[in-house]
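Listing of upload31.cif; format and content: mmCIF, C-alpha atoms.
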```cif
data_my_file
loop_
_atom_site.label_atom_id
_atom_site.label_comp_id
_atom_site.auth_asym_id
_atom_site.auth_seq_id
_atom_site.Cartn_x
_atom_site.Cartn_y
_atom_site.Cartn_z
CA MET Q 105 -42.90 13.66 13.22
CA ARG Q 106 -44.50 10.23 13.27
CA THR Q 107 -42.40 7.15 12.85
CA ASN Q 108 -43.38 4.96 9.96
CA ILE Q 109 -41.51 2.19 8.23
CA ILE Q 110 -42.39 0.27 5.08
CA TYR Q 111 -41.74 -3.45 4.76
CA THR Q 112 -42.31 -5.99 2.00
CA PRO Q 113 -43.14 -9.28 3.74
CA LEU Q 114 -44.01 -11.07 0.51
CA SER Q 115 -42.97 -10.31 -3.06
CA ALA Q 116 -44.80 -12.07 -5.89
CA GLY Q 117 -45.53 -15.05 -3.65
CA THR Q 118 -47.34 -18.01 -5.17
CA ALA Q 119 -49.41 -20.89 -3.83
CA ARG Q 120 -50.16 -24.36 -5.14
CA ALA Q 121 -52.46 -27.14 -4.01
CA ILE Q 122 -50.70 -30.24 -2.70
CA ALA Q 123 -51.40 -33.52 -4.52
CA SER Q 124 -49.51 -35.86 -2.20
CA SER Q 125 -46.56 -36.23 0.17
CA THR Q 126 -44.22 -39.07 1.12
CA ASN Q 127 -43.69 -40.67 4.52
CA ALA Q 128 -39.93 -40.24 4.26
CA GLY Q 129 -37.00 -38.18 5.45
CA PRO Q 130 -37.00 -35.66 3.89
CA ILE Q 131 -40.68 -35.43 2.96
CA GLU Q 132 -41.30 -35.05 -0.76
CA ILE Q 133 -44.24 -32.84 -1.72
CA THR Q 134 -45.99 -33.22 -5.05
CA THR Q 135 -48.05 -30.25 -6.19
CA SER Q 136 -51.13 -30.41 -8.41
CA ALA Q 137 -49.59 -27.96 -10.86
CA ALA Q 138 -46.06 -26.74 -11.58
CA HIS Q 139 -44.85 -24.97 -8.45
CA GLY Q 140 -42.18 -22.66 -9.90
CA TYR Q 141 -39.96 -22.91 -6.82
CA VAL Q 142 -36.20 -23.38 -6.79
CA THR Q 143 -33.81 -24.96 -4.33
CA GLY Q 144 -33.30 -22.70 -1.35
CA ASP Q 145 -36.75 -21.09 -1.43
CA ARG Q 146 -38.62 -20.77 1.87
CA ILE Q 147 -42.02 -22.41 1.54
CA THR Q 148 -44.92 -22.92 3.93
CA ILE Q 149 -46.94 -26.11 4.00
CA ASN Q 150 -50.30 -25.44 5.56
CA GLY Q 151 -53.41 -27.55 6.15
CA HIS Q 152 -51.87 -30.86 5.03
CA THR Q 153 -53.44 -33.85 6.75
CA THR Q 154 -52.21 -37.37 7.62
CA ASN Q 155 -48.58 -36.43 7.00
CA THR Q 156 -48.95 -33.52 9.39
CA ALA Q 157 -45.19 -33.39 9.97
CA ALA Q 158 -45.04 -31.57 6.63
CA ASN Q 159 -46.90 -28.54 7.99
CA GLY Q 160 -44.61 -25.63 8.74
CA THR Q 161 -42.03 -23.37 7.12
CA TRP Q 162 -39.18 -25.04 5.27
CA VAL Q 163 -36.22 -24.43 3.02
CA ILE Q 164 -36.78 -26.72 0.04
CA THR Q 165 -34.83 -28.67 -2.53
CA LYS Q 166 -36.40 -28.79 -5.96
CA VAL Q 167 -36.82 -32.27 -7.46
CA ASP Q 168 -38.73 -31.36 -10.61
CA ALA Q 169 -41.50 -29.06 -11.80
CA THR Q 170 -44.10 -30.57 -9.46
CA LYS Q 171 -41.96 -32.02 -6.68
CA PHE Q 172 -39.71 -30.69 -3.97
CA THR Q 173 -38.41 -31.94 -0.63
CA LEU Q 174 -38.60 -30.20 2.75
CA ASP Q 175 -35.04 -29.95 4.08
CA GLY Q 176 -34.64 -31.61 7.48
CA SER Q 177 -38.17 -33.04 7.63
CA THR Q 178 -39.36 -36.52 8.53
CA GLY Q 179 -42.78 -37.81 7.51
CA ASN Q 180 -45.42 -39.28 9.83
CA GLY Q 181 -47.73 -40.74 7.20
CA VAL Q 182 -48.49 -40.74 3.49
CA GLY Q 183 -50.28 -37.50 2.70
CA GLY Q 184 -53.01 -37.05 0.09
CA ALA Q 185 -54.47 -34.12 -1.81
CA THR Q 186 -54.84 -31.71 1.09
CA GLY Q 187 -53.28 -28.41 2.05
CA THR Q 188 -51.31 -25.75 0.26
CA ALA Q 189 -47.67 -25.05 -0.50
CA ALA Q 190 -46.91 -21.32 -0.66
CA THR Q 191 -44.05 -18.83 -0.69
CA ALA Q 192 -43.28 -17.98 2.93
CA SER Q 193 -43.93 -14.45 4.13
CA LYS Q 194 -41.40 -12.67 6.30
CA ILE Q 195 -42.31 -12.21 9.95
CA ILE Q 196 -42.38 -8.58 11.02
CA LEU Q 197 -41.70 -7.20 14.52
CA VAL Q 198 -44.62 -4.87 15.22
CA GLU Q 199 -44.45 -4.32 18.98
CA ASP Q 200 -43.65 -0.61 18.57
CA PHE Q 201 -46.63 0.04 16.33
CA PRO Q 202 -50.34 0.14 17.28
CA SER Q 203 -51.51 -0.24 13.69
CA ILE Q 204 -50.30 -1.02 10.24
CA ILE Q 205 -51.62 -0.44 6.76
CA VAL Q 206 -51.20 -3.39 4.45
CA SER Q 207 -51.35 -3.36 0.67
CA PHE Q 208 -52.14 -6.51 -1.26
CA ALA Q 209 -51.47 -6.64 -4.98
CA SER Q 210 -52.39 -9.83 -6.77
CA ASP Q 211 -51.12 -10.46 -10.25
CA GLY Q 212 -52.28 -13.40 -12.26
CA GLY Q 213 -52.93 -11.93 -15.66
CA GLY Q 214 -56.44 -11.25 -14.40
CA THR Q 215 -56.89 -14.71 -12.94
CA ALA Q 216 -55.30 -14.71 -9.52
CA ASP Q 217 -56.80 -17.42 -7.34
CA LEU Q 218 -55.55 -17.50 -3.76
CA THR Q 219 -56.42 -16.78 -0.14
CA ILE Q 220 -54.17 -14.82 2.17
CA LYS Q 221 -54.57 -14.17 5.90
CA ALA Q 222 -52.87 -11.99 8.48
CA VAL Q 223 -51.47 -13.88 11.48
CA GLY Q 224 -50.15 -12.44 14.72
CA THR Q 225 -48.92 -13.28 18.20
CA ASP Q 226 -47.74 -11.68 21.41
CA LEU Q 227 -45.19 -14.42 22.10
CA ASP Q 228 -41.62 -13.33 22.84
CA ASP Q 229 -40.22 -15.63 20.16
CA SER Q 230 -41.83 -15.68 16.71
CA PRO Q 231 -43.64 -18.98 16.12
CA ASP Q 232 -43.88 -20.94 12.90
CA PHE Q 233 -47.18 -19.52 11.71
CA ALA Q 234 -47.61 -22.36 9.20
CA LYS Q 235 -47.83 -24.94 11.98
CA THR Q 236 -50.96 -25.73 13.97
CA GLN Q 237 -52.04 -23.38 16.74
CA THR Q 238 -51.40 -24.98 20.18
CA VAL Q 239 -51.18 -23.97 23.82
CA ALA Q 240 -47.45 -23.54 23.35
CA ARG Q 241 -47.80 -21.91 19.94
CA THR Q 242 -50.41 -19.26 20.62
CA PHE Q 243 -51.06 -17.22 17.53
CA ASP Q 244 -54.24 -16.37 15.66
CA PHE Q 245 -55.53 -15.03 12.40
CA ILE Q 246 -56.06 -11.30 12.59
CA ASP Q 247 -58.97 -9.17 11.35
CA MET Q 248 -58.28 -6.69 8.54
CA VAL Q 249 -60.35 -3.59 7.82
CA ASP Q 250 -60.75 -2.66 4.17
CA LEU Q 251 -59.89 1.02 3.71
CA GLN Q 252 -62.10 1.08 0.64
CA ASN Q 253 -65.35 0.67 2.57
CA GLY Q 254 -64.63 -0.08 6.22
CA THR Q 255 -65.57 -3.74 5.84
CA SER Q 256 -64.02 -6.03 8.39
CA TYR Q 257 -62.42 -9.20 7.00
CA ASP Q 258 -62.55 -12.01 9.55
CA GLY Q 259 -59.07 -13.31 10.24
CA ASP Q 260 -60.15 -16.89 9.69
CA THR Q 261 -61.51 -16.01 6.25
CA GLY Q 262 -58.78 -13.66 5.03
CA MET Q 263 -58.73 -11.97 1.65
CA VAL Q 264 -59.92 -14.28 -1.12
CA TYR Q 265 -58.91 -13.66 -4.72
CA SER Q 266 -61.09 -15.67 -7.09
CA SER Q 267 -60.10 -15.55 -10.74
CA ALA Q 268 -59.40 -11.80 -10.63
CA ASP Q 269 -56.51 -9.50 -9.85
CA ASP Q 270 -57.06 -6.78 -7.30
CA TYR Q 271 -55.20 -4.13 -5.31
CA ARG Q 272 -56.38 -3.44 -1.77
CA LEU Q 273 -55.43 -1.47 1.32
CA PHE Q 274 -56.28 -2.75 4.81
CA GLU Q 275 -55.69 -1.54 8.32
CA VAL Q 276 -54.62 -4.13 10.89
CA ASN Q 277 -54.75 -3.50 14.62
CA THR Q 278 -51.35 -4.65 15.88
CA ASN Q 279 -51.70 -3.04 19.31
CA ALA Q 280 -49.82 -5.24 21.81
CA LEU Q 281 -48.91 -7.83 19.20
CA LYS Q 282 -45.23 -8.63 18.91
CA TRP Q 283 -45.06 -10.48 15.57
CA LEU Q 284 -47.13 -10.24 12.40
CA SER Q 285 -46.96 -12.26 9.22
CA PHE Q 286 -49.13 -13.38 6.32
CA LEU Q 287 -50.09 -16.92 5.41
CA THR Q 288 -51.30 -18.00 1.99
CA THR Q 289 -53.68 -20.82 2.84
CA ALA Q 290 -55.03 -21.69 -0.60
CA GLY Q 291 -54.14 -20.96 -4.20
CA THR Q 292 -53.92 -22.27 -7.70
CA ALA Q 293 -53.04 -19.28 -9.87
CA GLY Q 294 -51.33 -15.91 -9.81
CA ASN Q 295 -49.10 -14.35 -7.21
CA ILE Q 296 -49.39 -11.78 -4.47
CA THR Q 297 -47.19 -8.97 -3.19
CA VAL Q 298 -47.74 -7.78 0.36
CA LYS Q 299 -46.34 -4.51 1.66
CA LEU Q 300 -47.01 -2.87 4.96
CA ARG Q 301 -46.43 0.50 6.51
CA ALA Q 302 -46.05 0.35 10.27
CA PHE Q 303 -46.66 3.67 11.98
CA SER Q 304 -46.59 5.12 15.46
CA LYS Q 305 -49.31 7.34 16.97
CA MET V 1070 -53.38 23.19 20.78
CA ARG V 1071 -54.12 20.41 18.35
CA ASN V 1072 -51.85 19.64 15.46
CA PHE V 1073 -53.57 20.74 12.22
CA SER V 1074 -52.04 21.32 8.82
CA ASP V 1075 -52.83 24.41 6.82
CA SER V 1076 -55.66 24.06 4.34
CA ILE V 1077 -54.32 22.30 1.25
CA THR V 1078 -55.89 22.77 -2.17
CA ILE V 1079 -56.07 19.43 -3.96
CA MET V 1080 -57.88 20.74 -7.01
CA ASN V 1081 -59.26 24.17 -7.87
CA ALA V 1082 -62.31 24.43 -10.13
CA LYS V 1083 -61.19 21.36 -12.03
CA ASP V 1084 -63.49 20.80 -14.99
CA ALA V 1085 -62.14 17.56 -16.41
CA THR V 1086 -61.65 13.98 -15.30
CA GLY V 1087 -58.35 13.17 -13.63
CA ILE V 1088 -56.45 13.81 -10.45
CA GLY V 1089 -55.50 16.96 -8.63
CA ASN V 1090 -52.46 17.38 -6.41
CA TYR V 1091 -51.45 14.40 -4.31
CA ILE V 1092 -50.15 15.02 -0.79
CA ASP V 1093 -47.91 13.38 1.79
CA VAL V 1094 -50.10 12.46 4.78
CA SER V 1095 -47.64 10.27 6.66
CA ASP V 1096 -47.54 12.53 9.73
CA TYR V 1097 -51.30 12.61 10.17
CA GLN V 1098 -54.15 10.34 11.21
CA HIS V 1099 -57.12 12.08 9.60
CA ALA V 1100 -58.05 14.36 6.75
CA LYS V 1101 -61.03 16.72 6.78
CA VAL V 1102 -62.06 17.30 3.19
CA SER V 1103 -64.29 19.89 1.64
CA ILE V 1104 -65.69 19.42 -1.86
CA ALA V 1105 -67.46 22.27 -3.59
CA THR V 1106 -68.93 21.98 -7.06
CA ALA V 1107 -69.92 24.72 -9.51
CA SER V 1108 -71.71 25.20 -12.83
CA SER V 1109 -74.35 22.51 -12.23
CA ALA V 1110 -71.68 19.92 -11.84
CA ASN V 1111 -72.35 16.40 -12.94
CA LEU V 1112 -69.32 14.43 -11.81
CA THR V 1113 -67.98 11.82 -9.39
CA ILE V 1114 -65.03 12.26 -7.06
CA LYS V 1115 -63.12 9.43 -5.44
CA CYS V 1116 -60.40 9.44 -2.80
CA GLN V 1117 -57.20 7.48 -3.44
CA GLY V 1118 -54.42 6.37 -1.09
CA SER V 1119 -51.10 4.56 -1.12
CA ILE V 1120 -48.43 3.40 1.32
CA GLU V 1121 -45.60 3.35 -1.24
CA ASP V 1122 -42.46 5.34 -0.42
CA ALA V 1123 -42.50 6.94 -3.85
CA SER V 1124 -45.83 8.37 -4.93
CA PRO V 1125 -47.62 6.09 -7.40
CA ASP V 1126 -49.23 7.34 -10.58
CA PHE V 1127 -52.75 7.88 -9.29
CA SER V 1128 -53.94 8.66 -12.81
CA SER V 1129 -52.91 5.22 -14.09
CA ALA V 1130 -54.41 1.83 -13.46
CA GLN V 1131 -53.70 -0.06 -10.28
CA SER V 1132 -51.08 -2.77 -10.68
CA ALA V 1133 -48.52 -4.62 -8.64
CA ALA V 1134 -46.01 -1.96 -9.70
CA ASN V 1135 -48.41 0.97 -9.18
CA MET V 1136 -50.11 0.19 -5.91
CA TRP V 1137 -52.93 2.42 -4.71
CA ASP V 1138 -56.59 1.92 -3.85
CA TYR V 1139 -59.75 3.94 -3.46
CA ILE V 1140 -60.40 5.00 0.13
CA ASP V 1141 -63.63 5.22 2.11
CA MET V 1142 -64.88 8.71 3.06
CA VAL V 1143 -67.30 9.47 5.89
CA ASP V 1144 -69.88 12.17 5.20
CA ASP V 1145 -69.94 14.65 8.08
CA GLN V 1146 -73.54 15.47 7.20
CA ASN V 1147 -74.95 12.10 8.24
CA ASN V 1148 -72.01 9.92 9.23
CA THR V 1149 -72.60 7.78 6.14
CA SER V 1150 -69.67 5.80 4.86
CA ILE V 1151 -68.98 6.37 1.16
CA ASP V 1152 -67.40 3.32 -0.43
CA GLY V 1153 -64.08 4.21 -2.02
CA ASP V 1154 -64.97 2.41 -5.23
CA THR V 1155 -68.23 4.39 -5.50
CA GLY V 1156 -67.04 7.87 -4.55
CA ILE V 1157 -69.29 10.87 -4.10
CA ALA V 1158 -71.51 11.74 -7.04
CA PHE V 1159 -72.89 15.17 -7.91
CA ALA V 1160 -75.80 14.99 -10.35
CA GLY V 1161 -76.38 18.44 -11.75
CA THR V 1162 -77.07 20.35 -8.51
CA ASP V 1163 -74.12 22.16 -7.01
CA ASP V 1164 -73.29 21.35 -3.44
CA VAL V 1165 -70.65 21.72 -0.77
CA ARG V 1166 -69.79 18.66 1.29
CA MET V 1167 -67.56 18.02 4.27
CA LEU V 1168 -66.06 14.55 4.71
CA GLU V 1169 -63.50 12.83 6.87
CA VAL V 1170 -60.91 10.33 5.63
CA ASN V 1171 -58.87 7.96 7.78
CA VAL V 1172 -55.31 8.49 6.53
CA ASN V 1173 -53.65 6.67 9.44
CA GLY V 1174 -50.67 4.82 8.00
CA LEU V 1175 -51.06 6.10 4.47
CA LYS V 1176 -48.20 7.93 2.82
CA TRP V 1177 -49.99 9.54 -0.12
CA LEU V 1178 -53.51 10.87 -0.61
CA SER V 1179 -55.16 11.96 -3.84
CA PHE V 1180 -58.58 12.78 -5.25
CA ARG V 1181 -59.81 11.94 -8.70
CA ILE V 1182 -62.71 13.05 -10.87
CA THR V 1183 -63.67 9.78 -12.46
CA ALA V 1184 -66.76 10.68 -14.44
CA ARG V 1185 -67.81 14.12 -15.57
CA SER V 1186 -70.25 15.66 -18.01
CA ALA V 1187 -70.62 19.17 -16.60
CA GLY V 1188 -69.26 21.67 -14.10
CA SER V 1189 -66.21 21.72 -11.89
CA ALA V 1190 -65.02 20.74 -8.43
CA THR V 1191 -62.76 22.34 -5.85
CA VAL V 1192 -61.31 20.01 -3.24
CA LYS V 1193 -59.45 21.18 -0.16
CA CYS V 1194 -58.29 19.28 2.87
CA LYS V 1195 -56.89 19.84 6.31
CA LEU V 1196 -54.83 17.14 7.99
CA PHE V 1197 -54.93 16.53 11.73
CA ASN V 1198 -54.14 14.18 14.56
CA ASP V 1199 -56.14 13.09 17.56
CA ASN V 1200 -54.03 15.17 19.93
#
```
As structure tokens:
Amino acid sequence: MRTNIIYTPLSAGTARAIASSTNAGPIEITTSAAHGYVTGDRITINGHTTNTAANGTWVITKVDATKFTLDGSTGNGVGGATGTAATASKIILVEDFPSIIVSFASDGGGTADLTIKAVGTDLDDSPDFAKTQTVARTFDFIDMVDLQNGTSYDGDTGMVYSSADDYRLFEVNTNALKWLSFLTTAGTAGNITVKLRAFSK
Amino acid sequence: MRNFSDSITIMNAKDATGIGNYIDVSDYQHAKVSIATASSANLTIKCQGSIEDASPDFSSAQSAANMWDYIDMVDDQNNTSIDGDTGIAFAGTDDVRMLEVNVNGLKWLSFRITARSAGSATVKCKLFNDN
């Protein structure tokens, strides 16, 4: 009997464009639209420039509908309207599995608008996938193959939902990877649920 | 000896739109599928798959709470990939086709007649692994 295990790395995760950030400790993020997060949520900040210290995975404290602070952070500049705040995906240990099947279900009342990518690494310790890739933080975006038609989705591009809900199955080659996660790198509407089934040969 | 399942009948002379039996494919990597139509069939068949622990309702719309998708099939006749969203269409001339489906990592597999104006279809499959 084959071994297979189902995980839910991300349940109804949302993403919002960042409007600005403060050069303070902790950093305060302002989103372009209501973020819907509450104190204690784990959020990724990705692609934010100038105040690059904001990039990463954080536990947050809600300030109001469009503001929250990143617990334990310290700014390194005043950030502008760049990057994305998103619900953090869990990081899955995949070293025992050569492949996984991933299901993506977006739900935005027909108007989901977000981009999600698979990220993976062979590092012993799981990195913060929301931070910048470096020599010491070697991870990359991982190709996904659409089970619907065999199309390969470049890891750098990811799956793009543009004003439409959709439900997709992908296969991801996790052979020799240790950790796998999912990063929402852009979004303004809707949410996404990611499940995966990891299976042995 | 390779590990094959017995032949499984998904649908038998089905002459209406809808799904046949859905099957647990979690122990297998591939499915070899045979589709045979009768009575000058004019219909389309699509393959569906899911990774959910509990089988979804393949006859209902996809949603975040009912997660499945259409799955690509490869035609053994010419190695052509048949897009899951398109399916295989029979337009009034009966035929028998052999296809292969990658079920690696899927939990459930189903087949669905999505458009039909005449005839019937019988779908059988055999599940197998590489070794």
Take the PyMOL selection byres ((chain Q) within 8 of (chain V)), run it mentally on this structure, and tell me the resulting residues as a compact mmCIF listing (two decimals) with C-alpha atoms, in the frame of the given file.
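Output contents, as saved in part-v3.txt:
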```
# COMPACT_ATOMS: atom_id res chain seq x y z
CA MET Q 105 -42.90 13.66 13.22
CA ARG Q 106 -44.50 10.23 13.27
CA ASN Q 108 -43.38 4.96 9.96
CA ILE Q 110 -42.39 0.27 5.08
CA SER Q 203 -51.51 -0.24 13.69
CA ILE Q 204 -50.30 -1.02 10.24
CA ILE Q 205 -51.62 -0.44 6.76
CA VAL Q 206 -51.20 -3.39 4.45
CA SER Q 207 -51.35 -3.36 0.67
CA ALA Q 209 -51.47 -6.64 -4.98
CA SER Q 210 -52.39 -9.83 -6.77
CA ASP Q 211 -51.12 -10.46 -10.25
CA LEU Q 251 -59.89 1.02 3.71
CA GLN Q 252 -62.10 1.08 0.64
CA ASN Q 253 -65.35 0.67 2.57
CA GLY Q 254 -64.63 -0.08 6.22
CA ASP Q 270 -57.06 -6.78 -7.30
CA TYR Q 271 -55.20 -4.13 -5.31
CA ARG Q 272 -56.38 -3.44 -1.77
CA LEU Q 273 -55.43 -1.47 1.32
CA THR Q 297 -47.19 -8.97 -3.19
CA LEU Q 300 -47.01 -2.87 4.96
CA ARG Q 301 -46.43 0.50 6.51
CA ALA Q 302 -46.05 0.35 10.27
CA PHE Q 303 -46.66 3.67 11.98
```
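The space between CA of Ala1107 in chain V and CA of Thr1086 in chain V spans 14.7 Å.
Pairwise distance (CA of Ile1077 in chain V, CA of Ser1103 in chain V) equals 10.3 Å.
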Selection near Leu174 in chain Q, 8 Å with only C-alpha atoms, sequence-local residues under 3 positions removed, as a list in words
Pro130, Ile131, Glu132, Ile133, Ala158, Trp162, Val163, Ile164, Thr165 and Ser177 of chain Q
Residue with the minimum atom-to-atom distance to Lys305 in chain Q, picked from V:Ser1076, V:His1099, V:Val1192, V:Tyr1091 with all atoms listed in the file counted, is V:His1099
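Going from CA of Thr215 in chain Q to CA of Gly294 in chain Q covers 6.5 Å.
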Distance query Gly291 in chain Q at most 7 Å, only C-alpha atoms, self and fewer than 5 positions along chain excluded, as a PDB file with C-alpha atoms, in the coordinates of the input:
```pdb
ATOM      1  CA  ALA Q 119     -49.410 -20.890  -3.830  1.00  0.00           C
ATOM      2  CA  ARG Q 120     -50.160 -24.360  -5.140  1.00  0.00           C
ATOM      3  CA  ALA Q 121     -52.460 -27.140  -4.010  1.00  0.00           C
ATOM      4  CA  ASP Q 217     -56.800 -17.420  -7.340  1.00  0.00           C
ATOM      5  CA  LEU Q 218     -55.550 -17.500  -3.760  1.00  0.00           C
ATOM      6  CA  THR Q 219     -56.420 -16.780  -0.140  1.00  0.00           C
TER       7      THR Q 219
END
```
Spatial neighbours of Ser136 in chain Q, max dist 9 Å, only C-alpha atoms, sep filter under 4 positions, as a PDB file with C-alpha atoms, in the frame of the given file:
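Once everything was written out, this is part_15.pdb:
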```
ATOM      1  CA  ARG Q 120     -50.160 -24.360  -5.140  1.00  0.00           C
ATOM      2  CA  ALA Q 121     -52.460 -27.140  -4.010  1.00  0.00           C
ATOM      3  CA  ILE Q 122     -50.700 -30.240  -2.700  1.00  0.00           C
ATOM      4  CA  ALA Q 123     -51.400 -33.520  -4.520  1.00  0.00           C
ATOM      5  CA  SER Q 124     -49.510 -35.860  -2.200  1.00  0.00           C
ATOM      6  CA  THR Q 170     -44.100 -30.570  -9.460  1.00  0.00           C
ATOM      7  CA  ALA Q 185     -54.470 -34.120  -1.810  1.00  0.00           C
ATOM      8  CA  THR Q 292     -53.920 -22.270  -7.700  1.00  0.00           C
TER       9      THR Q 292
END
```
Axis-aligned box for range 287-297 of chain Q, 4 Å per side, centre and edges in Å as lines of an AutoDock Vina configuration file:
```
center_x = -51.1
center_y = -15.6
center_z = -2.2
size_x = 15.8
size_y = 21.3
size_z = 23.3
```
* To do: Taking the file as shown, find all residues satisfying the PyMOL selection byres ((chain Q and resi 232-248) around 8) and write them as a count of residues only.
  => 29
At a cut-off of 6 Å from (-55.4, 20.1, -6.5) in the coordinates of the file, what residues are picked up using only C-alpha atoms, written as a count of residues only? 6
List the residues selected by the PyMOL selection byres ((chain Q and resi 138) around 6) in the file shown, writing them as an mmCIF file with C-alpha atoms, in the coordinates of the input.
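Written out: expr-v6.cif:
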```
data_model
loop_
_atom_site.group_PDB
_atom_site.id
_atom_site.type_symbol
_atom_site.label_atom_id
_atom_site.label_comp_id
_atom_site.auth_asym_id
_atom_site.auth_seq_id
_atom_site.Cartn_x
_atom_site.Cartn_y
_atom_site.Cartn_z
ATOM 1 C CA ALA Q 137 -49.590 -27.960 -10.860
ATOM 2 C CA HIS Q 139 -44.850 -24.970 -8.450
ATOM 3 C CA GLY Q 140 -42.180 -22.660 -9.900
ATOM 4 C CA ALA Q 169 -41.500 -29.060 -11.800
ATOM 5 C CA THR Q 170 -44.100 -30.570 -9.460
#
```
Judged by only C-alpha atoms, the minimum distance to Phe172 in chain Q among Q:Thr191, Q:Thr135, Q:Thr255, Q:Ser304 is found for Q:Thr135
